[in-house]
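For reference, the structure discussed in these notes is given below.
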Amino acid sequence: MQAPIELPARDPLSRLLRRELALDDTRIRAIVRITGCTVVAVVIAMVFQVPLPAYIAYLVFMVSREDVASTLVTAVGGILAVTLAVAASLLFYVFDASEPALRIPLLAVSTLVGTFVARASPLGPIAFLAGFILVLSQTLLDDVPTPESVTHAVLWLWVVVAIPASVTVLANLLTGESPVVLARKRGAQLMEQVASYIENPYSADPSRLRAQLLLLGELKNKAFLWNKQVKVFAQEDNRLLAILLEMLQIARYLPSSVSPASRRSLASELRQSRHFFLQRRGHAVDVPNNEFESTSIELNPAHAALRAAVSELLDEASGKSLAVVTDKAPPRRRQLLVEGALKNRAHARFAFKVMCAVLASYATYTLLDWPGIRTAVTTCFFVALTTFGESIHKLTLRLSGAVIGGLIAGLCIVFVLPYMTDIGQLCLLIAVVSVFCAWISTSGETIAYAGLQIAFAFFLGVMQGYGPHDDLTELRDRVVGIFVGNIWITLFFTTLWPVSVFDQAREKWSSAFTELGDLLVTKDETTIASRRADICKKISEASELNARSLFEWRFLPRGSKSDPVLPEAQHIEQITASAFVLLRLKENAALLPSDDEADTLTSQRLVALSKGTRPEVSDKRAGPTPSTLLSEARQHLNEEIDHASRAI
């Protein structure tokens with residue numbers, strides 16, 4: 001196995017922006033849809049003078065998703081969350097409206113319960129949003145003179161959420177894409193991109209392709225829920241996706257000795273699979289050109305394994321493969337909390353740290369008598385993530401987005417708003433800036449949150465009331481509040497049970513190694529494909545987490561001496577590819593007892609590597625050059641394990 005052929009190195013920032021900001025038809029329609037919904041929501045808020053017009057415009061961005069099903073679920077969940085929060089707020093007012101001493105304990109309990117359930121329950125997003133609204137509504141008692149006024153303000157919160165949610169859902173039902181159509185289209189596009197990558201390894205980033213394939217799996221599950229008729233292809237689609245992930249991992253380390261003609265032949269067969277995939281799902285496509293046929297003898301294990309995987313993909317896509325009947329798992333009982341949530345201290349520790357940061361932020365702006373920096377509390381809710389590196393990454397996006405959005409809003413307040421005389425001109429301004437914000441917010445997780453923050457800062461600055469204004473104080477206070485909230489988050493997350501993102505990545509890599517070792521000795525062939533897909537998912541998630549470790553700077557140590565030390569990410573990718581090659585060749589080979597013994601030894605070495613210990617070199621592997629592709633693949637895998645163990 002050799003080093004992968006990757007894209008030529010470029011400036012990291014320009015390459016990142018070029019990748020994240022690339023446009024396609026689906027994304028352009030989403031941008032137009034978000035912009036239109038934002039303008040309509042602003043018009044409704046201005047005409048009927050609904051409170052908090054800036055939040056109404058911002059919630060359109062929060063609710064909008066790429067498909068109709070996700071948007072509908074998010075909107076319904078948001079309305080349910082605000083309903084629960086408003087009801088709980090009115091109940092809490094009975095106790096703390098006239099007793100300020102009870103307010104802080106109720107704020108603490110609301111934050112603690114909301115963030116704990118958000119991490120430990122399937123209803124996490126609803127619990128998180130309900131807890132956030134509940135905390136904010138309780139802080140209104142400090143500024144509103146009478147209980148009647150604060151009750152009136154809290155009841156308006158339901159309308160503030162319902163308007164953008166209803167407008168966005170209606171627009172998506174009329175013009176949005178169903179997850180069925182989107183999943184089919186994206187699946188065909190990714191099959192073409194994988195074929196192009198096999199043919200020309202400089203055509204795409206394999207890590208990016210793998211992440212897109214994993215996202216396709218999530219979209220596919222939404223399609224099954226949206227249209228029950230497509231569930232007949234559920235098992236077939238799962239196998240196709242698993243094979244594509246396996247092929248991509250093997251192709252990433254395909255030796256340069258494989259001829260261009262062989263690469264074109266593999267790509268041509270994959271494109272034929274794409275043709276059958278679309279044809280069997282009722283989509284008319286042109287017949288692919290199969291002019292490239294490979295007649296060379298496959299003397300390389302990776303090439304042979306990739307050829308076998310492509311052949312299986314073609315059989316699956318054309319319907320020739322026999323359906324694998326799997327035993328249906330017994331229905332799981334639905335629970336409010338996930339299994340073991342109360343025993344997992346990480347959930348409680350996370351909720352406690354967020355609670356401390358929220359209370360500290362509340363005390364800061366209360367003692368300073370500076371209610372304009374209330375965004376400090378909002379920052380604590382939306383910046384806090386499981387690991388410190390992820391939190392700092394989101395902090396960076398939040399600060400940069402707030403500065404950019406505030407700058408745009410400030411320039412508009414000084415140079416544009418004084419010349420506006422009607423709501424049509426305001427809508428034009430909102431539409432222009434919303435296009436820019438939606439362009440960023442519809443990108444990947446790396447920079448998408450910055451687009452949301454640009455939109456929020458801009459709306460908060462421009463729509464302070466129901467007419468033109470020239471006050472820049474609110475923009476200043478918002479940025480100060482963001483800094484205050486992030487200072488408290490940084491302080492508590494670095495001093496109380498700090499969790500390094502690198503530790504999380506190491507756990508996923510270790511789990512992937514353990515699962516690879518199990519696959520080498522398993523006899524259950526029906527689960528091998530799904531477990532290979534699970535391994536690819538863990539490695540992809542670990543790679544993303546490892547990238548976030550750059551944001552930890554020097555705040556957290558990189559583990560203790562007792563923590564296991566794993567090989568570098570490149571070695572892990574190579575070992576995974578070599579193991580996939582061996583597993584693929586074992587499927588059609590006549591195995592001997594000596595093969596089982598060798599695979600057991602290799603499995604033990606992988607398990608040892610997952611624990612951070614250097615595996616021993618076995619004398620059983622010493623001998624002449626392997627005479628079969630299977631034994632050569634096994635030798636390649638052990639050589640990669642040896643290379644990786646030297647890094648420990």
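Chains: A, B, ... in order of the structure tokens. Residues: from 1 per chain. Ligands: from 1, in order shown.
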
Can you pull out the residues contacting A:Leu141? Cut-off 10 Å, using only C-alpha atoms, and skip same-chain residues under 2 positions away; I want them as a list in words.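 Neighbouring residues, sequence-local ones excluded: Tyr93, Asp96, Ala97, Ser98, Pro100, Arg103, Leu136, Ser137, Gln138, Thr139, Asp143, Val144, Pro145, Thr146, Pro147, Ser149, Val150 and Thr151 of chain A.
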
Considering only C-alpha atoms, return as JSON, numbers by chain whatever protein or nucleic-acid residues lie within 12 Å of A:Glu552, sequence-local ones (same chain, fewer than 2 positions apart) excluded. {"A": [387, 388, 389, 390, 391, 392, 393, 394, 395, 396, 490, 493, 494, 498, 499, 500, 501, 502, 503, 545, 546, 547, 548, 549, 550, 554, 555, 556, 557, 558]}

Dump as a compact mmCIF listing (two decimals), in the first residue's frame, selection limited to N, CA, C and O atoms:
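Below you can see part-v1.txt, which holds the result:
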```
# COMPACT_ATOMS: atom_id res chain seq x y z
N THR A 387 -16.98 19.42 23.37
CA THR A 387 -15.56 19.56 23.59
C THR A 387 -15.15 21.02 23.50
O THR A 387 -15.85 21.85 22.92
N PHE A 388 -13.99 21.31 24.06
CA PHE A 388 -13.53 22.69 24.08
C PHE A 388 -13.15 23.17 22.68
O PHE A 388 -13.40 24.33 22.32
N GLY A 389 -12.55 22.31 21.89
CA GLY A 389 -12.18 22.71 20.54
C GLY A 389 -13.38 23.08 19.69
O GLY A 389 -13.34 24.06 18.93
N GLU A 390 -14.47 22.31 19.81
CA GLU A 390 -15.69 22.64 19.06
C GLU A 390 -16.28 23.97 19.53
O GLU A 390 -16.78 24.76 18.73
N SER A 391 -16.22 24.21 20.85
CA SER A 391 -16.76 25.47 21.37
C SER A 391 -15.96 26.66 20.87
O SER A 391 -16.52 27.70 20.50
N ILE A 392 -14.64 26.53 20.84
CA ILE A 392 -13.80 27.63 20.36
C ILE A 392 -14.01 27.85 18.86
O ILE A 392 -14.01 28.99 18.37
N HIS A 393 -14.23 26.76 18.12
CA HIS A 393 -14.52 26.90 16.68
C HIS A 393 -15.81 27.68 16.48
O HIS A 393 -15.87 28.61 15.64
N LYS A 394 -16.83 27.35 17.24
CA LYS A 394 -18.10 28.07 17.12
C LYS A 394 -17.96 29.50 17.63
O LYS A 394 -18.59 30.43 17.09
N LEU A 395 -17.13 29.70 18.66
CA LEU A 395 -16.86 31.05 19.15
C LEU A 395 -16.24 31.90 18.05
O LEU A 395 -16.61 33.06 17.84
N THR A 396 -15.28 31.33 17.33
CA THR A 396 -14.63 32.07 16.25
C THR A 396 -15.63 32.48 15.18
O THR A 396 -15.62 33.62 14.69
N THR A 490 -15.30 30.14 28.17
CA THR A 490 -13.90 29.71 28.12
C THR A 490 -13.38 29.41 29.52
O THR A 490 -12.69 28.41 29.74
N PHE A 493 -15.21 26.10 30.89
CA PHE A 493 -14.93 24.88 30.13
C PHE A 493 -13.47 24.49 30.16
O PHE A 493 -13.13 23.37 29.79
N THR A 494 -12.59 25.39 30.57
CA THR A 494 -11.17 25.04 30.68
C THR A 494 -10.77 24.69 32.10
O THR A 494 -9.69 24.11 32.31
N PRO A 498 -12.35 19.74 31.90
CA PRO A 498 -12.14 20.07 30.48
C PRO A 498 -12.12 18.81 29.63
O PRO A 498 -11.56 17.78 30.02
N VAL A 499 -12.75 18.88 28.46
CA VAL A 499 -12.81 17.77 27.52
C VAL A 499 -12.14 18.21 26.22
O VAL A 499 -12.59 19.16 25.58
N SER A 500 -11.07 17.54 25.87
CA SER A 500 -10.35 17.88 24.65
C SER A 500 -11.00 17.20 23.45
O SER A 500 -11.40 16.03 23.51
N VAL A 501 -11.10 17.92 22.37
CA VAL A 501 -11.66 17.34 21.15
C VAL A 501 -10.77 16.24 20.62
O VAL A 501 -11.23 15.29 19.98
N PHE A 502 -9.47 16.34 20.88
CA PHE A 502 -8.55 15.29 20.43
C PHE A 502 -8.83 13.98 21.15
O PHE A 502 -8.68 12.90 20.57
N ASP A 503 -9.25 14.05 22.41
CA ASP A 503 -9.59 12.82 23.14
C ASP A 503 -10.81 12.14 22.52
O ASP A 503 -10.86 10.90 22.43
N LEU A 545 -13.16 15.93 14.03
CA LEU A 545 -12.85 16.33 15.39
C LEU A 545 -11.37 16.69 15.54
O LEU A 545 -11.01 17.65 16.23
N ASN A 546 -10.51 15.93 14.88
CA ASN A 546 -9.08 16.21 14.94
C ASN A 546 -8.77 17.58 14.35
O ASN A 546 -7.88 18.29 14.84
N ALA A 547 -9.50 17.96 13.30
CA ALA A 547 -9.30 19.29 12.72
C ALA A 547 -9.72 20.38 13.70
O ALA A 547 -9.11 21.46 13.74
N ARG A 548 -10.74 20.11 14.51
CA ARG A 548 -11.18 21.10 15.50
C ARG A 548 -10.17 21.27 16.63
O ARG A 548 -10.20 22.27 17.35
N SER A 549 -9.26 20.31 16.80
CA SER A 549 -8.28 20.41 17.88
C SER A 549 -7.34 21.60 17.69
O SER A 549 -6.72 22.06 18.65
N LEU A 550 -7.25 22.12 16.47
CA LEU A 550 -6.42 23.29 16.23
C LEU A 550 -6.95 24.51 16.97
O LEU A 550 -6.20 25.45 17.27
N ARG A 554 -3.40 26.39 23.20
CA ARG A 554 -2.66 25.81 24.32
C ARG A 554 -3.48 25.77 25.61
O ARG A 554 -2.94 25.69 26.71
N PHE A 555 -4.80 25.88 25.45
CA PHE A 555 -5.66 25.90 26.63
C PHE A 555 -5.67 24.55 27.34
O PHE A 555 -5.71 24.47 28.55
N LEU A 556 -5.70 23.47 26.56
CA LEU A 556 -5.85 22.14 27.14
C LEU A 556 -4.64 21.28 26.80
O LEU A 556 -4.11 21.36 25.68
N PRO A 557 -4.21 20.42 27.70
CA PRO A 557 -3.13 19.49 27.39
C PRO A 557 -3.61 18.37 26.49
O PRO A 557 -4.78 18.01 26.50
N ARG A 558 -2.71 17.84 25.71
CA ARG A 558 -3.05 16.74 24.80
C ARG A 558 -3.00 15.41 25.54
O ARG A 558 -2.21 14.53 25.25
```

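Between A:Met420 and the residues A:Val462, A:Ala363, A:Val383, A:Ile404, the shortest atom-to-atom distance, using only C-alpha atoms, involves A:Val462.
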
So that I can check the surroundings of A:Leu637, please list as a PyMOL selection string every protein, DNA and RNA residue that reaches within 12 Å of it, counting only C-alpha atoms and ignoring chain neighbours fewer than 2 positions away. chain A and resi 1-2+301-302+516-517+520+571-583+598-599+601-603+605-606+621+630-635+639-644

So that I have them on file, write out the residues from the current selection with N, CA and C atoms, as a compact mmCIF listing (two decimals), in the first residue's frame.
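In the end it all went to out-v4.txt:
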```txt
# COMPACT_ATOMS: atom_id res chain seq x y z
N MET A 1 0.85 -1.19 0.00
CA MET A 1 0.00 0.00 0.00
C MET A 1 0.89 1.24 0.00
N GLN A 2 0.48 2.25 -0.73
CA GLN A 2 1.29 3.45 -0.85
C GLN A 2 0.49 4.66 -0.42
N PRO A 301 -3.50 -6.62 -5.11
CA PRO A 301 -4.67 -6.92 -4.27
C PRO A 301 -5.69 -5.78 -4.24
N ALA A 302 -5.22 -4.54 -4.14
CA ALA A 302 -6.15 -3.41 -4.08
C ALA A 302 -6.97 -3.31 -5.36
N LEU A 516 -12.48 -3.10 13.24
CA LEU A 516 -11.75 -3.74 12.13
C LEU A 516 -11.21 -5.10 12.55
N GLY A 517 -10.66 -5.16 13.77
CA GLY A 517 -10.17 -6.45 14.25
C GLY A 517 -11.28 -7.48 14.36
N LEU A 520 -12.23 -9.00 10.90
CA LEU A 520 -11.30 -9.98 10.31
C LEU A 520 -11.59 -11.40 10.75
N HIS A 571 -1.89 7.01 8.84
CA HIS A 571 -1.70 5.57 9.06
C HIS A 571 -3.03 4.87 9.30
N ILE A 572 -3.93 5.53 10.00
CA ILE A 572 -5.24 4.92 10.28
C ILE A 572 -6.02 4.73 8.98
N GLU A 573 -5.97 5.72 8.10
CA GLU A 573 -6.65 5.61 6.80
C GLU A 573 -6.05 4.46 5.98
N GLN A 574 -4.74 4.33 6.00
CA GLN A 574 -4.08 3.27 5.23
C GLN A 574 -4.41 1.89 5.78
N ILE A 575 -4.42 1.76 7.11
CA ILE A 575 -4.77 0.47 7.71
C ILE A 575 -6.21 0.10 7.37
N THR A 576 -7.11 1.07 7.41
CA THR A 576 -8.51 0.80 7.06
C THR A 576 -8.65 0.33 5.63
N ALA A 577 -7.96 1.00 4.71
CA ALA A 577 -8.01 0.59 3.31
C ALA A 577 -7.45 -0.82 3.13
N SER A 578 -6.32 -1.12 3.78
CA SER A 578 -5.72 -2.46 3.66
C SER A 578 -6.64 -3.53 4.24
N ALA A 579 -7.30 -3.22 5.34
CA ALA A 579 -8.23 -4.19 5.94
C ALA A 579 -9.43 -4.42 5.02
N PHE A 580 -9.93 -3.36 4.38
CA PHE A 580 -11.05 -3.52 3.45
C PHE A 580 -10.65 -4.39 2.26
N VAL A 581 -9.42 -4.21 1.79
CA VAL A 581 -8.94 -5.05 0.67
C VAL A 581 -8.92 -6.52 1.10
N LEU A 582 -8.39 -6.78 2.27
CA LEU A 582 -8.32 -8.16 2.75
C LEU A 582 -9.72 -8.75 2.93
N LEU A 583 -10.63 -7.99 3.50
CA LEU A 583 -11.99 -8.49 3.70
C LEU A 583 -12.69 -8.77 2.38
N ALA A 598 -3.91 -16.77 10.74
CA ALA A 598 -3.23 -15.52 10.40
C ALA A 598 -4.15 -14.32 10.64
N ASP A 599 -5.43 -14.45 10.28
CA ASP A 599 -6.36 -13.34 10.49
C ASP A 599 -6.60 -13.10 11.98
N LEU A 601 -4.40 -13.56 14.33
CA LEU A 601 -3.21 -12.85 14.79
C LEU A 601 -3.27 -11.37 14.39
N THR A 602 -3.68 -11.12 13.14
CA THR A 602 -3.79 -9.73 12.67
C THR A 602 -4.85 -8.98 13.45
N SER A 603 -5.94 -9.66 13.77
CA SER A 603 -7.00 -9.03 14.56
C SER A 603 -6.48 -8.65 15.94
N ARG A 605 -3.46 -7.92 16.72
CA ARG A 605 -2.53 -6.78 16.57
C ARG A 605 -3.32 -5.47 16.41
N LEU A 606 -4.45 -5.53 15.69
CA LEU A 606 -5.27 -4.33 15.55
C LEU A 606 -5.87 -3.91 16.88
N ARG A 621 4.63 -14.56 10.06
CA ARG A 621 4.51 -13.82 8.81
C ARG A 621 5.82 -13.86 8.03
N LEU A 630 -4.60 -12.93 -1.81
CA LEU A 630 -5.08 -12.89 -0.44
C LEU A 630 -3.93 -12.79 0.55
N SER A 631 -2.92 -13.64 0.38
CA SER A 631 -1.78 -13.60 1.31
C SER A 631 -0.99 -12.31 1.14
N GLU A 632 -0.94 -11.79 -0.08
CA GLU A 632 -0.25 -10.51 -0.29
C GLU A 632 -1.01 -9.37 0.38
N ALA A 633 -2.35 -9.40 0.31
CA ALA A 633 -3.15 -8.38 0.99
C ALA A 633 -2.96 -8.46 2.50
N ARG A 634 -2.87 -9.67 3.04
CA ARG A 634 -2.67 -9.83 4.48
C ARG A 634 -1.29 -9.29 4.88
N GLN A 635 -0.30 -9.53 4.04
CA GLN A 635 1.04 -9.02 4.33
C GLN A 635 1.05 -7.48 4.28
N GLU A 639 2.09 -4.99 7.30
CA GLU A 639 3.13 -3.99 7.11
C GLU A 639 2.64 -2.60 7.52
N GLU A 640 1.39 -2.30 7.19
CA GLU A 640 0.83 -1.00 7.60
C GLU A 640 0.71 -0.92 9.12
N ILE A 641 0.36 -2.05 9.76
CA ILE A 641 0.29 -2.07 11.22
C ILE A 641 1.69 -1.83 11.81
N ASP A 642 2.71 -2.44 11.19
CA ASP A 642 4.09 -2.22 11.65
C ASP A 642 4.49 -0.75 11.52
N HIS A 643 4.14 -0.14 10.38
CA HIS A 643 4.47 1.27 10.17
C HIS A 643 3.77 2.16 11.19
N ALA A 644 2.51 1.84 11.46
CA ALA A 644 1.76 2.66 12.41
C ALA A 644 2.27 2.48 13.83
```

Neighbours of stretch 105-121 of chain A within 8 Å (only C-alpha atoms; same-chain residues fewer than 3 positions away dropped), as a compact mmCIF listing (two decimals) with N, CA and C atoms, in the first residue's frame?
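The resulting file, around_2.txt, is shown below:
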```txt
# COMPACT_ATOMS: atom_id res chain seq x y z
N PHE A 92 -43.74 29.96 36.25
CA PHE A 92 -42.65 30.45 37.08
C PHE A 92 -42.92 31.87 37.58
N ALA A 101 -35.51 36.83 44.82
CA ALA A 101 -34.55 35.87 45.35
C ALA A 101 -34.75 34.48 44.75
N LEU A 102 -35.97 34.18 44.26
CA LEU A 102 -36.23 32.88 43.64
C LEU A 102 -35.82 32.83 42.18
N GLY A 124 -33.86 16.23 22.23
CA GLY A 124 -32.85 17.21 22.57
C GLY A 124 -33.07 18.60 22.01
N PRO A 125 -33.27 18.77 20.69
CA PRO A 125 -33.46 20.13 20.15
C PRO A 125 -34.64 20.87 20.76
N ILE A 126 -35.76 20.15 20.97
CA ILE A 126 -36.94 20.80 21.56
C ILE A 126 -36.64 21.22 23.00
N ALA A 127 -35.99 20.34 23.77
CA ALA A 127 -35.65 20.67 25.16
C ALA A 127 -34.67 21.83 25.22
N PHE A 128 -33.71 21.85 24.31
CA PHE A 128 -32.73 22.94 24.31
C PHE A 128 -33.39 24.28 24.03
N ALA A 130 -36.58 25.06 24.30
CA ALA A 130 -37.51 25.41 25.37
C ALA A 130 -36.77 25.96 26.58
N GLY A 131 -35.65 25.35 26.94
CA GLY A 131 -34.87 25.86 28.06
C GLY A 131 -34.30 27.23 27.80
N PHE A 132 -33.84 27.46 26.57
CA PHE A 132 -33.29 28.77 26.21
C PHE A 132 -34.36 29.86 26.30
N LEU A 134 -37.12 29.75 27.98
CA LEU A 134 -37.55 29.87 29.37
C LEU A 134 -36.60 30.77 30.16
N VAL A 135 -35.30 30.60 29.96
CA VAL A 135 -34.33 31.43 30.67
C VAL A 135 -34.44 32.88 30.24
N GLN A 138 -37.47 34.63 31.70
CA GLN A 138 -37.34 34.96 33.12
C GLN A 138 -36.51 36.23 33.33
N LEU A 336 -37.73 8.60 27.44
CA LEU A 336 -37.46 10.03 27.49
C LEU A 336 -35.97 10.31 27.43
N LEU A 337 -35.18 9.47 28.12
CA LEU A 337 -33.73 9.62 28.14
C LEU A 337 -33.09 8.42 27.47
N VAL A 338 -31.95 8.64 26.85
CA VAL A 338 -31.23 7.54 26.22
C VAL A 338 -30.71 6.60 27.30
N ALA A 341 -28.18 7.37 30.45
CA ALA A 341 -27.99 8.83 30.53
C ALA A 341 -27.74 9.29 31.96
N HIS A 347 -22.84 14.08 30.74
CA HIS A 347 -24.03 14.89 30.49
C HIS A 347 -24.26 15.89 31.63
N ALA A 348 -24.16 15.41 32.86
CA ALA A 348 -24.39 16.28 34.01
C ALA A 348 -23.29 17.34 34.11
N PHE A 350 -21.53 18.65 31.66
CA PHE A 350 -21.75 19.64 30.60
C PHE A 350 -22.86 20.61 31.00
N ALA A 351 -23.98 20.08 31.49
CA ALA A 351 -25.09 20.95 31.90
C ALA A 351 -24.67 21.87 33.04
N PHE A 352 -23.86 21.37 33.97
CA PHE A 352 -23.43 22.20 35.10
C PHE A 352 -22.53 23.33 34.62
N VAL A 354 -22.51 24.79 31.64
CA VAL A 354 -23.33 25.78 30.94
C VAL A 354 -24.12 26.60 31.94
N MET A 355 -24.65 25.95 32.97
CA MET A 355 -25.41 26.67 33.99
C MET A 355 -24.53 27.72 34.68
N VAL A 358 -24.02 30.67 32.30
CA VAL A 358 -25.24 31.47 32.15
C VAL A 358 -25.47 32.34 33.39
N LEU A 359 -25.32 31.76 34.56
CA LEU A 359 -25.52 32.55 35.79
C LEU A 359 -24.47 33.64 35.92
```

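Residue nearest A:Ile482 within the list A:Ser311, A:Gln212, A:Thr375, A:Thr386: A:Thr375 [criterion: smallest interatomic distance, only C-alpha atoms].
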
Would you mind telling me which residue in A:Val43, A:Val521, A:Val230, A:Val607 lies nearest to A:Leu426 when using only C-alpha atoms?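 Under the stated criterion, the closest residue is A:Val43.
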
Using only C-alpha atoms, which of the listed residues (A:Phe277, A:Phe61, A:His283, A:Ser259) sits closest to A:Leu299?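 Closest to A:Leu299 of all the choices is A:Ser259.
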
Residues near A:Gly485, cut-off 9 Å, only C-alpha atoms, skip fewer than 4 positions along chain, as a ChimeraX atom specification: /A:357-358,360-361,375-380,383,480-481,489-490

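Atom CA of A:Ser434 is found 12.8 Å from atom CA of A:Ile28.
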
Closest of A:Arg252, A:Arg307, A:Arg584, A:Arg476 to A:Ala409 - atom-to-atom distances counting only C-alpha atoms: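 Answer, going by the shortest atom-to-atom distance: A:Arg476.
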
Between A:Tyr419, A:Val167, A:Gly444, A:Ile413, which has the minimum distance to A:Thr473 (counting only C-alpha atoms)?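 Checking each of A:Tyr419, A:Val167, A:Gly444, A:Ile413 against A:Thr473, counting only C-alpha atoms, the winner is A:Ile413.
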
If we count only C-alpha atoms, what is near A:Ala308 at a cut-off of 12 Å, once residues fewer than 2 positions away on the same chain are taken out, given as an MDAnalysis selection string? chainID A and resid 243 246:247 250 266 269:270 298 301:306 310:315 580:589

Export N, CA, C and O atoms of the chosen residues as a compact mmCIF listing (two decimals), in the first residue's frame?
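The resulting part39.txt:
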```txt
# COMPACT_ATOMS: atom_id res chain seq x y z
N ILE A 243 -21.10 -0.05 -0.07
CA ILE A 243 -20.12 -0.44 -1.09
C ILE A 243 -19.39 0.79 -1.63
O ILE A 243 -18.18 0.76 -1.87
N GLU A 246 -16.78 1.78 0.82
CA GLU A 246 -15.66 0.84 0.74
C GLU A 246 -14.81 1.10 -0.49
O GLU A 246 -13.57 1.14 -0.42
N MET A 247 -15.45 1.30 -1.63
CA MET A 247 -14.71 1.57 -2.87
C MET A 247 -13.88 2.83 -2.76
O MET A 247 -12.72 2.88 -3.21
N ILE A 250 -10.76 2.19 -0.65
CA ILE A 250 -9.74 1.41 -1.36
C ILE A 250 -9.12 2.22 -2.47
O ILE A 250 -7.89 2.21 -2.67
N LEU A 266 -12.94 0.55 -14.56
CA LEU A 266 -13.64 0.56 -13.29
C LEU A 266 -14.65 1.70 -13.23
O LEU A 266 -15.79 1.52 -12.78
N GLU A 269 -17.72 0.94 -15.38
CA GLU A 269 -18.65 -0.01 -14.76
C GLU A 269 -19.45 0.66 -13.64
O GLU A 269 -20.62 0.37 -13.43
N LEU A 270 -18.81 1.59 -12.93
CA LEU A 270 -19.52 2.31 -11.87
C LEU A 270 -20.59 3.22 -12.47
O LEU A 270 -21.69 3.35 -11.93
N GLU A 298 -5.07 -8.86 -13.06
CA GLU A 298 -4.98 -8.08 -11.84
C GLU A 298 -3.95 -8.71 -10.91
O GLU A 298 -4.21 -9.74 -10.29
N PRO A 301 -3.50 -6.62 -5.11
CA PRO A 301 -4.67 -6.92 -4.27
C PRO A 301 -5.69 -5.78 -4.24
O PRO A 301 -6.90 -6.03 -4.27
N ALA A 302 -5.22 -4.54 -4.14
CA ALA A 302 -6.15 -3.41 -4.08
C ALA A 302 -6.97 -3.31 -5.36
O ALA A 302 -8.18 -3.04 -5.32
N HIS A 303 -6.32 -3.52 -6.50
CA HIS A 303 -7.03 -3.47 -7.78
C HIS A 303 -8.07 -4.58 -7.85
O HIS A 303 -9.22 -4.37 -8.28
N ALA A 304 -7.68 -5.79 -7.44
CA ALA A 304 -8.61 -6.92 -7.48
C ALA A 304 -9.79 -6.68 -6.53
O ALA A 304 -10.94 -6.98 -6.86
N ALA A 305 -9.52 -6.15 -5.34
CA ALA A 305 -10.59 -5.89 -4.39
C ALA A 305 -11.54 -4.82 -4.92
O ALA A 305 -12.76 -4.93 -4.78
N LEU A 306 -10.98 -3.78 -5.53
CA LEU A 306 -11.82 -2.73 -6.08
C LEU A 306 -12.67 -3.25 -7.24
O LEU A 306 -13.84 -2.89 -7.38
N VAL A 310 -16.74 -3.18 -7.33
CA VAL A 310 -17.49 -2.56 -8.43
C VAL A 310 -18.47 -3.56 -9.03
O VAL A 310 -19.61 -3.22 -9.38
N SER A 311 -18.05 -4.81 -9.16
CA SER A 311 -18.94 -5.84 -9.71
C SER A 311 -20.14 -6.07 -8.79
O SER A 311 -21.28 -6.21 -9.26
N GLU A 312 -19.89 -6.07 -7.48
CA GLU A 312 -21.01 -6.23 -6.55
C GLU A 312 -21.94 -5.03 -6.62
O GLU A 312 -23.16 -5.17 -6.54
N LEU A 313 -21.37 -3.84 -6.76
CA LEU A 313 -22.19 -2.64 -6.88
C LEU A 313 -23.08 -2.71 -8.11
O LEU A 313 -24.26 -2.34 -8.08
N LEU A 314 -22.54 -3.20 -9.23
CA LEU A 314 -23.32 -3.33 -10.46
C LEU A 314 -24.46 -4.33 -10.28
O LEU A 314 -25.58 -4.09 -10.75
N ASP A 315 -24.18 -5.44 -9.61
CA ASP A 315 -25.24 -6.43 -9.37
C ASP A 315 -26.33 -5.86 -8.46
O ASP A 315 -27.53 -6.10 -8.69
N PHE A 580 -9.93 -3.36 4.38
CA PHE A 580 -11.05 -3.52 3.45
C PHE A 580 -10.65 -4.39 2.26
O PHE A 580 -11.44 -5.18 1.76
N VAL A 581 -9.42 -4.21 1.79
CA VAL A 581 -8.94 -5.05 0.67
C VAL A 581 -8.92 -6.52 1.10
O VAL A 581 -9.38 -7.41 0.36
N LEU A 582 -8.39 -6.78 2.27
CA LEU A 582 -8.32 -8.16 2.75
C LEU A 582 -9.72 -8.75 2.93
O LEU A 582 -9.98 -9.90 2.54
N LEU A 583 -10.63 -7.99 3.50
CA LEU A 583 -11.99 -8.49 3.70
C LEU A 583 -12.69 -8.77 2.38
O LEU A 583 -13.41 -9.77 2.24
N ARG A 584 -12.48 -7.92 1.40
CA ARG A 584 -13.12 -8.12 0.10
C ARG A 584 -12.57 -9.36 -0.59
O ARG A 584 -13.33 -10.15 -1.18
N LEU A 585 -11.26 -9.59 -0.53
CA LEU A 585 -10.68 -10.76 -1.18
C LEU A 585 -11.04 -12.05 -0.46
O LEU A 585 -11.09 -13.12 -1.08
N LYS A 586 -11.31 -11.98 0.83
CA LYS A 586 -11.68 -13.18 1.58
C LYS A 586 -13.05 -13.69 1.18
O LYS A 586 -13.34 -14.87 1.36
N GLU A 587 -13.90 -12.83 0.65
CA GLU A 587 -15.28 -13.23 0.35
C GLU A 587 -15.34 -14.31 -0.73
O GLU A 587 -16.22 -15.17 -0.69
N ASN A 588 -14.44 -14.25 -1.70
CA ASN A 588 -14.49 -15.20 -2.82
C ASN A 588 -13.32 -16.18 -2.82
O ASN A 588 -13.05 -16.81 -3.84
N ALA A 589 -12.64 -16.28 -1.69
CA ALA A 589 -11.47 -17.16 -1.62
C ALA A 589 -11.79 -18.39 -0.78
O ALA A 589 -12.62 -18.34 0.14
```

What lies within 9 Å of A:Lys537 using only C-alpha atoms, ignoring chain neighbours under 6 positions off, as an NGL selection string? :A and (210-211 or 214)
